[in-house]
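Source file: target26.txt (compact mmCIF, C-alpha atoms and all ligand atoms)
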```
# COMPACT_ATOMS: atom_id res chain seq x y z
CA MET H 1 6.33 -21.17 11.34
CA ILE H 2 5.55 -17.46 11.65
CA ARG H 3 2.83 -16.90 9.09
CA PHE H 4 2.77 -13.86 6.88
CA ASN H 5 -0.84 -13.08 7.75
CA VAL H 6 -3.40 -14.32 10.25
CA PRO H 7 -6.97 -13.04 9.74
CA PRO H 8 -7.96 -10.68 12.56
CA PHE H 9 -10.22 -12.10 15.27
CA THR H 10 -11.10 -10.12 18.37
CA GLY H 11 -13.50 -12.41 20.25
CA LYS H 12 -16.99 -10.96 19.72
CA GLU H 13 -17.39 -12.12 16.11
CA MET H 14 -19.27 -15.36 16.84
CA GLU H 15 -21.68 -13.64 19.23
CA TYR H 16 -22.54 -10.99 16.64
CA ILE H 17 -22.96 -13.55 13.87
CA LYS H 18 -25.34 -15.45 16.17
CA GLN H 19 -27.24 -12.21 16.77
CA ALA H 20 -27.52 -11.63 13.03
CA VAL H 21 -28.96 -15.12 12.64
CA GLU H 22 -31.38 -14.61 15.53
CA ASN H 23 -32.51 -11.29 14.04
CA GLN H 24 -33.76 -13.43 11.14
CA LYS H 25 -32.32 -10.92 8.73
CA ILE H 26 -29.20 -12.43 7.26
CA CYS H 27 -29.38 -10.82 3.82
CA GLY H 28 -27.91 -7.42 2.99
CA ASP H 29 -28.59 -4.12 4.74
CA GLY H 30 -29.52 -5.62 8.09
CA GLU H 31 -28.64 -4.25 11.52
CA PHE H 32 -24.91 -4.99 11.38
CA THR H 33 -24.48 -3.61 7.87
CA LYS H 34 -26.07 -0.36 9.05
CA LYS H 35 -23.82 -0.27 12.11
CA CYS H 36 -20.71 -0.75 9.96
CA ASN H 37 -21.80 1.96 7.51
CA GLU H 38 -22.46 4.40 10.35
CA TRP H 39 -19.16 3.56 12.05
CA ILE H 40 -17.23 4.25 8.86
CA GLU H 41 -19.19 7.45 8.18
CA GLU H 42 -18.48 8.71 11.67
CA LYS H 43 -14.77 7.80 11.69
CA THR H 44 -13.97 9.06 8.21
CA GLY H 45 -16.47 11.88 7.82
CA THR H 46 -17.55 10.64 4.38
CA THR H 47 -20.99 11.73 3.16
CA LYS H 48 -22.12 8.14 2.65
CA CYS H 49 -20.66 4.68 3.13
CA LEU H 50 -22.13 1.57 1.53
CA LEU H 51 -20.77 -1.80 2.57
CA THR H 52 -20.06 -4.02 -0.45
CA THR H 53 -19.09 -7.61 -1.16
CA SER H 54 -15.47 -6.58 -1.88
CA CYS H 55 -13.21 -3.67 -2.68
CA THR H 56 -13.24 -4.93 -6.27
CA HIS H 57 -17.02 -4.54 -6.29
CA ALA H 58 -16.83 -1.12 -4.63
CA THR H 59 -14.51 -0.04 -7.46
CA GLU H 60 -16.87 -1.55 -10.06
CA LEU H 61 -19.71 0.39 -8.49
CA ALA H 62 -17.62 3.57 -8.62
CA ALA H 63 -16.80 2.90 -12.29
CA LEU H 64 -20.54 2.60 -13.05
CA LEU H 65 -21.31 5.78 -11.12
CA ALA H 66 -18.51 7.60 -12.94
CA ASP H 67 -20.09 6.41 -16.19
CA ILE H 68 -16.88 4.79 -17.46
CA LYS H 69 -17.51 3.45 -20.97
CA GLU H 70 -15.93 1.68 -23.89
CA GLY H 71 -12.96 3.66 -25.18
CA ASP H 72 -12.41 5.69 -22.02
CA GLU H 73 -9.03 5.79 -20.33
CA VAL H 74 -8.31 5.59 -16.62
CA ILE H 75 -4.90 6.54 -15.21
CA MET H 76 -3.46 4.35 -12.45
CA PRO H 77 -0.17 2.85 -11.26
CA SER H 78 0.97 -0.47 -12.73
CA TYR H 79 2.23 -1.49 -9.31
CA THR H 80 -1.16 -2.45 -7.82
CA PHE H 81 -3.59 -5.32 -7.37
CA VAL H 82 -5.52 -6.43 -10.45
CA SER H 83 -8.83 -5.07 -9.12
CA THR H 84 -7.79 -1.46 -9.65
CA ALA H 85 -7.63 -2.15 -13.40
CA ASP H 86 -10.35 -4.83 -13.62
CA ALA H 87 -13.17 -2.56 -12.49
CA PHE H 88 -12.57 -0.18 -15.39
CA VAL H 89 -11.49 -2.72 -18.00
CA LEU H 90 -14.79 -4.52 -17.37
CA ARG H 91 -16.56 -1.36 -18.59
CA GLY H 92 -14.47 -1.35 -21.77
CA ALA H 93 -11.95 1.24 -20.64
CA THR H 94 -8.19 1.13 -21.15
CA ALA H 95 -5.91 1.16 -18.11
CA VAL H 96 -3.19 3.77 -18.63
CA PHE H 97 -0.32 3.00 -16.30
CA VAL H 98 2.16 5.58 -15.11
CA ASP H 99 5.30 5.07 -13.07
CA VAL H 100 5.43 4.98 -9.27
CA ARG H 101 7.54 7.03 -6.87
CA PRO H 102 10.30 4.92 -5.37
CA ASP H 103 9.81 6.33 -1.85
CA THR H 104 6.15 5.30 -1.34
CA MET H 105 5.51 3.00 -4.34
CA ASN H 106 2.50 5.24 -5.06
CA ILE H 107 1.63 6.73 -8.44
CA ASP H 108 4.08 9.50 -9.36
CA GLU H 109 1.81 12.54 -9.34
CA THR H 110 4.26 14.50 -11.52
CA LYS H 111 3.79 12.00 -14.37
CA ILE H 112 -0.01 11.94 -14.46
CA GLU H 113 -0.68 15.06 -16.49
CA ALA H 114 1.43 13.93 -19.46
CA ALA H 115 -0.66 10.74 -19.68
CA ILE H 116 -3.96 12.59 -20.06
CA THR H 117 -5.65 12.44 -23.48
CA GLU H 118 -9.11 13.49 -24.67
CA LYS H 119 -10.26 9.98 -23.72
CA THR H 120 -9.15 10.19 -20.08
CA LYS H 121 -12.11 9.98 -17.71
CA ALA H 122 -10.66 9.19 -14.30
CA ILE H 123 -7.61 8.79 -12.10
CA ALA H 124 -7.39 5.84 -9.71
CA PRO H 125 -4.66 6.49 -7.14
CA VAL H 126 -3.72 3.53 -4.95
CA HIS H 127 -2.55 4.22 -1.40
CA TYR H 128 0.09 1.52 -1.17
CA ALA H 129 0.75 0.08 2.29
CA GLY H 130 -1.82 2.52 3.68
CA VAL H 131 0.43 5.50 2.91
CA SER H 132 -1.27 8.29 1.00
CA CYS H 133 -0.61 9.42 -2.55
CA GLU H 134 0.12 13.14 -3.10
CA MET H 135 -3.59 13.94 -3.11
CA ASP H 136 -3.53 17.76 -3.36
CA THR H 137 -1.64 17.50 -6.65
CA ILE H 138 -3.88 14.69 -7.93
CA MET H 139 -7.09 16.55 -7.02
CA ASP H 140 -5.77 19.70 -8.67
CA ILE H 141 -5.00 17.84 -11.92
CA ALA H 142 -8.44 16.20 -11.82
CA LYS H 143 -10.16 19.52 -11.33
CA ARG H 144 -8.32 21.21 -14.19
CA HIS H 145 -9.02 18.33 -16.58
CA ASN H 146 -12.51 17.52 -15.33
CA LEU H 147 -11.62 13.96 -14.25
CA VAL H 148 -13.22 11.76 -11.62
CA VAL H 149 -10.93 10.55 -8.81
CA ILE H 150 -11.57 7.05 -7.46
CA GLU H 151 -9.25 6.24 -4.56
CA ASP H 152 -8.22 2.62 -4.20
CA ALA H 153 -7.98 2.84 -0.42
CA ALA H 154 -8.16 -0.95 -0.02
CA GLN H 155 -5.16 -0.75 2.31
CA GLY H 156 -5.79 2.78 3.53
CA ILE H 157 -8.54 2.67 6.12
CA LEU H 158 -7.83 5.09 9.01
CA SER H 159 -4.74 6.56 7.35
CA THR H 160 -4.73 10.30 6.71
CA TYR H 161 -3.41 12.91 4.28
CA LYS H 162 -3.17 16.44 5.69
CA GLY H 163 -5.74 15.52 8.30
CA LYS H 164 -8.19 13.96 5.82
CA GLN H 165 -9.10 10.29 5.97
CA LEU H 166 -8.05 8.27 2.91
CA GLY H 167 -11.06 7.30 0.83
CA THR H 168 -12.79 10.64 1.48
CA ILE H 169 -10.60 12.90 -0.66
CA GLY H 170 -11.56 11.75 -4.16
CA ASP H 171 -15.09 11.59 -5.56
CA PHE H 172 -15.22 7.94 -4.49
CA GLY H 173 -13.12 5.83 -2.12
CA CYS H 174 -12.91 2.04 -1.94
CA PHE H 175 -12.03 0.00 1.17
CA SER H 176 -11.31 -3.72 1.41
CA PHE H 177 -12.25 -6.00 4.29
CA HIS H 178 -10.59 -9.07 2.81
CA GLU H 179 -8.92 -11.31 5.38
CA THR H 180 -5.52 -9.85 4.55
CA LYS H 181 -6.58 -6.31 5.45
CA ASN H 182 -6.47 -4.53 8.84
CA TYR H 183 -10.18 -5.11 9.51
CA SER H 184 -11.95 -8.00 7.91
CA MET H 185 -15.19 -9.78 7.14
CA GLY H 186 -13.61 -12.58 5.10
CA GLU H 187 -14.54 -11.03 1.79
CA GLY H 188 -15.98 -7.54 1.78
CA GLY H 189 -15.45 -3.87 1.13
CA ALA H 190 -17.05 -0.47 1.20
CA LEU H 191 -17.72 2.40 -1.17
CA LEU H 192 -17.29 5.90 0.25
CA ILE H 193 -19.28 8.53 -1.62
CA LYS H 194 -18.32 12.17 -1.38
CA HIS H 195 -21.17 13.85 -3.23
CA GLU H 196 -24.76 13.64 -2.04
CA LYS H 197 -25.91 13.62 -5.70
CA ASP H 198 -24.34 10.17 -6.23
CA VAL H 199 -25.88 8.46 -3.21
CA GLU H 200 -29.28 7.49 -4.60
CA GLU H 201 -27.86 6.08 -7.84
CA ALA H 202 -25.25 4.14 -5.86
CA GLU H 203 -27.95 2.56 -3.70
CA ILE H 204 -29.91 1.61 -6.82
CA ILE H 205 -27.00 0.04 -8.72
CA ARG H 206 -25.90 -1.86 -5.61
CA GLU H 207 -29.45 -3.29 -5.27
CA LYS H 208 -29.77 -4.83 -8.76
CA GLY H 209 -31.00 -1.59 -10.30
CA THR H 210 -34.00 -1.31 -7.98
CA ASN H 211 -35.07 1.38 -5.55
CA ARG H 212 -35.40 -1.14 -2.73
CA SER H 213 -33.32 0.98 -0.32
CA LYS H 214 -35.89 3.78 -0.59
CA PHE H 215 -38.66 1.22 -0.09
CA PHE H 216 -37.05 -0.10 3.11
CA ARG H 217 -36.83 3.44 4.44
CA GLY H 218 -40.55 3.85 3.80
CA GLN H 219 -40.02 6.61 1.26
CA ILE H 220 -41.98 4.78 -1.47
CA ASP H 221 -44.69 2.09 -1.17
CA LYS H 222 -43.38 -0.38 -3.74
CA TYR H 223 -40.03 -0.92 -5.31
CA THR H 224 -39.25 -1.46 -8.96
CA TRP H 225 -36.50 -1.80 -11.54
CA VAL H 226 -35.29 1.73 -12.29
CA ASN H 227 -31.73 1.37 -13.67
CA TYR H 228 -29.07 -1.15 -14.62
CA GLY H 229 -27.39 -2.66 -11.62
CA SER H 230 -25.79 -5.58 -9.90
CA SER H 231 -25.70 -7.23 -6.50
CA TYR H 232 -23.02 -5.70 -4.35
CA LEU H 233 -24.57 -6.23 -0.89
CA PRO H 234 -22.80 -8.43 1.63
CA SER H 235 -24.75 -10.70 3.92
CA ASP H 236 -25.46 -9.27 7.38
CA MET H 237 -23.60 -12.27 8.89
CA ASN H 238 -20.40 -11.05 7.29
CA ALA H 239 -21.10 -7.51 8.43
CA ALA H 240 -21.54 -8.88 11.98
CA TYR H 241 -18.01 -10.28 11.84
CA LEU H 242 -16.68 -6.94 10.63
CA TYR H 243 -18.55 -4.96 13.28
CA ALA H 244 -16.83 -6.90 16.05
CA GLN H 245 -13.53 -5.73 14.57
CA LEU H 246 -14.57 -2.12 14.03
CA GLU H 247 -15.57 -1.91 17.69
CA MET H 248 -12.01 -2.98 18.51
CA ALA H 249 -10.43 -0.90 15.77
CA GLU H 250 -8.23 1.10 18.10
CA ASP H 251 -6.83 -2.05 19.66
CA ILE H 252 -6.07 -3.59 16.27
CA PHE H 253 -4.58 -0.32 15.04
CA ASP H 254 -2.28 0.07 18.08
CA ASP H 255 -1.21 -3.56 18.01
CA ARG H 256 -0.22 -3.36 14.34
CA MET H 257 1.47 0.01 14.87
CA ASN H 258 3.57 -1.39 17.72
CA SER H 259 4.82 -4.19 15.45
CA TRP H 260 5.48 -1.72 12.63
CA ASN H 261 7.44 0.63 14.88
CA GLN H 262 9.40 -2.24 16.37
CA TYR H 263 10.39 -3.41 12.88
CA TYR H 264 11.38 0.11 11.88
CA GLU H 265 13.47 0.82 14.97
CA SER H 266 15.22 -2.52 14.80
CA LEU H 267 15.95 -2.54 11.06
CA LYS H 268 17.04 1.12 10.87
CA GLU H 269 20.57 -0.08 11.48
CA LEU H 270 20.52 -2.04 8.20
CA GLU H 271 19.33 1.02 6.33
CA GLU H 272 22.01 3.20 7.91
CA LYS H 273 24.63 0.69 6.83
CA GLY H 274 23.28 0.81 3.27
CA PHE H 275 21.96 -2.76 3.04
CA VAL H 276 18.22 -2.13 2.72
CA THR H 277 15.68 0.63 2.12
CA LEU H 278 12.83 1.09 4.59
CA PRO H 279 9.36 2.53 3.88
CA VAL H 280 8.84 6.30 3.79
CA VAL H 281 5.82 8.11 5.20
CA PRO H 282 5.79 11.61 3.66
CA GLU H 283 5.26 14.67 5.81
CA GLY H 284 1.60 15.43 6.39
CA CYS H 285 0.64 11.75 6.16
CA THR H 286 -0.20 9.28 8.90
CA HIS H 287 -0.40 5.58 8.16
CA ASN H 288 -2.28 2.60 9.56
CA ALA H 289 0.52 0.02 9.80
CA HIS H 290 -1.06 -2.05 7.06
CA MET H 291 2.24 -3.41 5.86
CA PHE H 292 5.91 -3.54 6.76
CA TYR H 293 8.23 -3.97 3.83
CA LEU H 294 11.87 -3.46 3.08
CA LYS H 295 13.75 -3.27 -0.19
CA THR H 296 16.79 -5.38 -0.90
CA LYS H 297 19.55 -4.56 -3.39
CA ASP H 298 17.91 -6.47 -6.25
CA LEU H 299 15.73 -9.43 -7.20
CA GLU H 300 18.47 -11.98 -6.61
CA GLU H 301 19.14 -10.75 -3.09
CA ARG H 302 15.42 -10.68 -2.36
CA THR H 303 15.00 -14.31 -3.39
CA ALA H 304 17.94 -15.27 -1.21
CA LEU H 305 16.49 -13.38 1.78
CA ILE H 306 13.03 -14.95 1.37
CA ASN H 307 14.62 -18.42 1.21
CA PHE H 308 16.87 -17.69 4.18
CA LEU H 309 13.87 -16.57 6.28
CA LYS H 310 11.86 -19.61 5.21
CA GLU H 311 14.60 -21.82 6.62
CA LYS H 312 14.17 -19.91 9.88
CA ASP H 313 10.42 -20.59 9.86
CA ILE H 314 9.46 -17.07 8.77
CA LEU H 315 7.16 -16.45 5.82
CA ALA H 316 8.14 -13.24 4.05
CA VAL H 317 6.58 -12.54 0.66
CA PHE H 318 7.07 -10.32 -2.35
CA HIS H 319 4.20 -8.36 -3.81
CA TYR H 320 2.67 -7.27 -7.11
CA VAL H 321 4.04 -8.20 -10.48
CA PRO H 322 3.47 -4.93 -12.38
CA LEU H 323 0.18 -5.11 -14.28
CA HIS H 324 1.56 -3.70 -17.55
CA SER H 325 3.74 -6.80 -17.95
CA ALA H 326 0.91 -9.29 -17.22
CA PRO H 327 -0.99 -10.92 -20.12
CA ALA H 328 -4.21 -8.97 -19.41
CA GLY H 329 -2.22 -5.78 -18.87
CA LEU H 330 -0.73 -6.09 -22.35
CA LYS H 331 -4.22 -6.57 -23.75
CA TYR H 332 -6.21 -3.98 -21.78
CA GLY H 333 -3.64 -1.44 -20.79
CA ARG H 334 -0.63 0.55 -21.83
CA PHE H 335 2.24 2.14 -19.96
CA HIS H 336 2.63 5.85 -20.53
CA GLY H 337 6.14 7.21 -20.26
CA GLU H 338 9.13 5.31 -19.03
CA ASP H 339 9.10 2.51 -16.48
CA VAL H 340 11.93 3.90 -14.37
CA TYR H 341 10.88 2.56 -10.98
CA THR H 342 7.83 0.28 -11.27
CA THR H 343 9.63 -2.92 -12.29
CA LYS H 344 12.96 -2.19 -10.63
CA GLU H 345 11.51 -1.27 -7.24
CA SER H 346 8.85 -4.00 -7.21
CA ASP H 347 11.64 -6.55 -7.77
CA ARG H 348 13.35 -5.34 -4.57
CA LEU H 349 10.36 -5.27 -2.26
CA VAL H 350 9.69 -7.93 0.38
CA ARG H 351 6.94 -7.85 3.02
CA LEU H 352 7.49 -9.15 6.54
CA PRO H 353 4.79 -10.80 8.69
CA LEU H 354 2.37 -8.27 10.16
CA TYR H 355 -1.00 -9.06 11.71
CA TYR H 356 -3.11 -8.39 14.76
CA GLY H 357 -1.67 -10.53 17.54
CA LEU H 358 1.88 -10.85 16.19
CA LYS H 359 4.01 -10.91 19.33
CA PRO H 360 6.89 -8.53 20.10
CA GLU H 361 9.15 -11.61 20.60
CA GLU H 362 8.23 -12.76 17.11
CA VAL H 363 9.03 -9.37 15.58
CA ALA H 364 12.32 -9.38 17.49
CA TYR H 365 13.12 -12.86 16.16
CA ILE H 366 12.29 -11.85 12.58
CA CYS H 367 14.48 -8.72 12.83
CA GLU H 368 17.29 -10.78 14.31
CA GLN H 369 17.14 -13.17 11.36
CA VAL H 370 16.98 -10.39 8.75
CA LYS H 371 20.09 -8.92 10.39
CA ALA H 372 21.75 -12.32 10.46
CA PHE H 373 21.27 -12.47 6.69
CA TYR H 374 23.12 -9.19 6.18
CA LEU H 375 25.57 -8.83 9.03
C1 LIG Z 401 -6.87 -6.02 -1.37
C2 LIG Z 401 -6.82 -5.03 -2.47
C3 LIG Z 401 -7.86 -4.93 -3.43
C4 LIG Z 401 -8.98 -5.91 -3.55
O1 LIG Z 401 -9.78 -6.03 -2.44
P1 LIG Z 401 -10.94 -7.13 -2.43
O2 LIG Z 401 -11.74 -6.72 -1.23
O3 LIG Z 401 -10.29 -8.46 -2.27
O4 LIG Z 401 -11.71 -7.00 -3.68
C5 LIG Z 401 -7.78 -3.93 -4.37
N1 LIG Z 401 -6.76 -3.06 -4.40
C6 LIG Z 401 -5.75 -3.12 -3.51
C7 LIG Z 401 -4.65 -2.13 -3.59
C8 LIG Z 401 -5.75 -4.13 -2.53
O5 LIG Z 401 -4.72 -4.20 -1.68
```
Give the structure from the file, written as structure tokens.
Ligand SMILES: *Cc1c(COP(=O)(O)O)cnc(C)c1O
Amino acid sequence: MIRFNVPPFTGKEMEYIKQAVENQKICGDGEFTKKCNEWIEEKTGTTKCLLTTSCTHATELAALLADIKEGDEVIMPSYTFVSTADAFVLRGATAVFVDVRPDTMNIDETKIEAAITEKTKAIAPVHYAGVSCEMDTIMDIAKRHNLVVIEDAAQGILSTYKGKQLGTIGDFGCFSFHETKNYSMGEGGALLIKHEKDVEEAEIIREKGTNRSKFFRGQIDKYTWVNYGSSYLPSDMNAAYLYAQLEMAEDIFDDRMNSWNQYYESLKELEEKGFVTLPVVPEGCTHNAHMFYLKTKDLEERTALINFLKEKDILAVFHYVPLHSAPAGLKYGRFHGEDVYTTKESDRLVRLPLYYGLKPEEVAYICEQVKAFYL
């Protein structure tokens, strides 16, 4: 069976975890956490990176820093993972969903402005499949309406928009290091902070509302409870696992990109013949080969394709059920405007296996079977 995902493993993980244990500092903000933060800061150019226990928690932290409160509204796509909405709903805000663009499955930037009310506080664009949203337009809208932009860049690490790294364009950016993402620590994430003014408060909220980070840096001689907060620090053992992967990031990136390109080249024929639609990477954007998907004619054809591939020992999977149609979405959110593409396009989308270490022969076999289904 060709699995849909295999968690990345490069070889040095166990050695680094052992080192973390031998350092006798296995809690948060140890040596490996610092190394990961610095690596991300250097690669992305963000002002500050703080490793967190998940992307969900990074988004929660961003929601606290953006002072999202009861009655506020946050604009986001409905075609996303639950965390994008959860982080704001947890603060009492309403998720206001707008339609996606069919080419990238990202929020349709031309439909955001009409969804803004006097309650709107933030926009949360999601970079689906590691392909950027139209960020210049989104940042311009945010500026004119005084809104905070929190990028859900869970899938977007090392992708770019007009030369800028995803996660560094908005006021805050959130990465995921879940085992299904390009680089992993099992469960984990990171918050990227653009403005220096937000850094100290972020450190405090992440450390249970205390100024312990300042204390560890020797800037104060005792630490105390100074604000509300939570515990968003991952253990240094998990950070050790991640650091082994970040050191090999180029390898992982190239390996995934080779698979992605092989899929694209091979399946182009099916698109040319009008059977399927392949992903689009808009001009000015580079992607990180997080995901390879194709779109079938409709839901029925997708189900048939998934079943056909399963019989050939290939696990292909569909993706999000739009949040506005989920029970919690009905309760905590509303869809603004017309759902032209969200439901229709999500029904057509199927993801093919893609992970570090997937072999070219396997990609060739999968493509052969997808073609066998159509031709
Ligand atoms: C994976 C993912 C998340 C959640 O990440 P966790 O680290 O599991 O919290 C959020 N948003 C998107 C778009 C994701 O793909």
Next on the checklist: Residues near Asp313 in chain H, anyone? I mean within 8 Å using only C-alpha atoms, not counting same-chain ones fewer than 2 positions away, as a PyMOL selection string.
Outcome noted: chain H and resi 1-2+309-311+315
Checklist entry - Between H:Pro282, H:Pro8, H:Gly186, H:Gly30, which has the minimum distance to Arg101 in chain H (counting only C-alpha atoms)? => result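 Under the stated criterion, the closest residue is H:Pro282.
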Checklist entry - Which polymer residues have any atom within 7 Å of an atom of Leu191 in chain H, counting all atoms listed in the file, with same-chain residues fewer than 4 positions away left out, as a PyMOL selection string? => result chain H and resi 49-52+58+172-175
Next on the checklist: With 9 Å as the threshold, what does the neighbourhood of (-11.4, 6.2, -7.8) contain in terms of residues, counting all atoms listed in the file? Coordinates are those of the file; answer as number ranges by chain.
Outcome noted: H: 59, 62-63, 66, 84, 122-126, 148-153, 167, 170-174
Next on the checklist: Hey, which residues sit close to ligand LIG 401 (chain Z)? Say within 10 Å, counting all atoms listed in the file, and write them as a VMD selection string.
Outcome noted: chain H and resid 52 to 60 79 to 87 125 to 130 151 to 156 174 to 181 184 to 190 290 320
Checklist entry - Excluding same-chain residues fewer than 5 positions from Gly71 in chain H, what lies within 10 Å of it counting only C-alpha atoms, as a ChimeraX atom specification? => result /H:89,91-94,119-121
Checklist entry - If you count only C-alpha atoms, which residues fall within 7 Å of Lys194 in chain H, apart from same-chain ones fewer than 2 positions away, as a PyMOL selection string? => result chain H and resi 46-48+168+171-172+192+196
Item to check | Residue with smallest distance to Lys273 in chain H - pool H:Leu375, H:Cys36, H:Met76, H:Thr342, counting only C-alpha atoms | outcome: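 Result for the nearest residue to Lys273 in chain H: H:Leu375.
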Checklist entry - What lies within 12 Å of Ile112 in chain H using all atoms listed in the file, ignoring chain neighbours under 3 positions off, as a ChimeraX atom specification? => result /H:74-77,96-101,106-109,115-117,120,122-125,134,137-142,145,147,335-337
Checklist entry - Taking all atoms listed in the file into account, which of H:Ser235, H:Asn5, H:Gln369, H:Gln165 comes nearest Tyr263 in chain H? => result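 Looking only at the distances to Tyr263 in chain H, the closest residue turns out to be H:Gln369.
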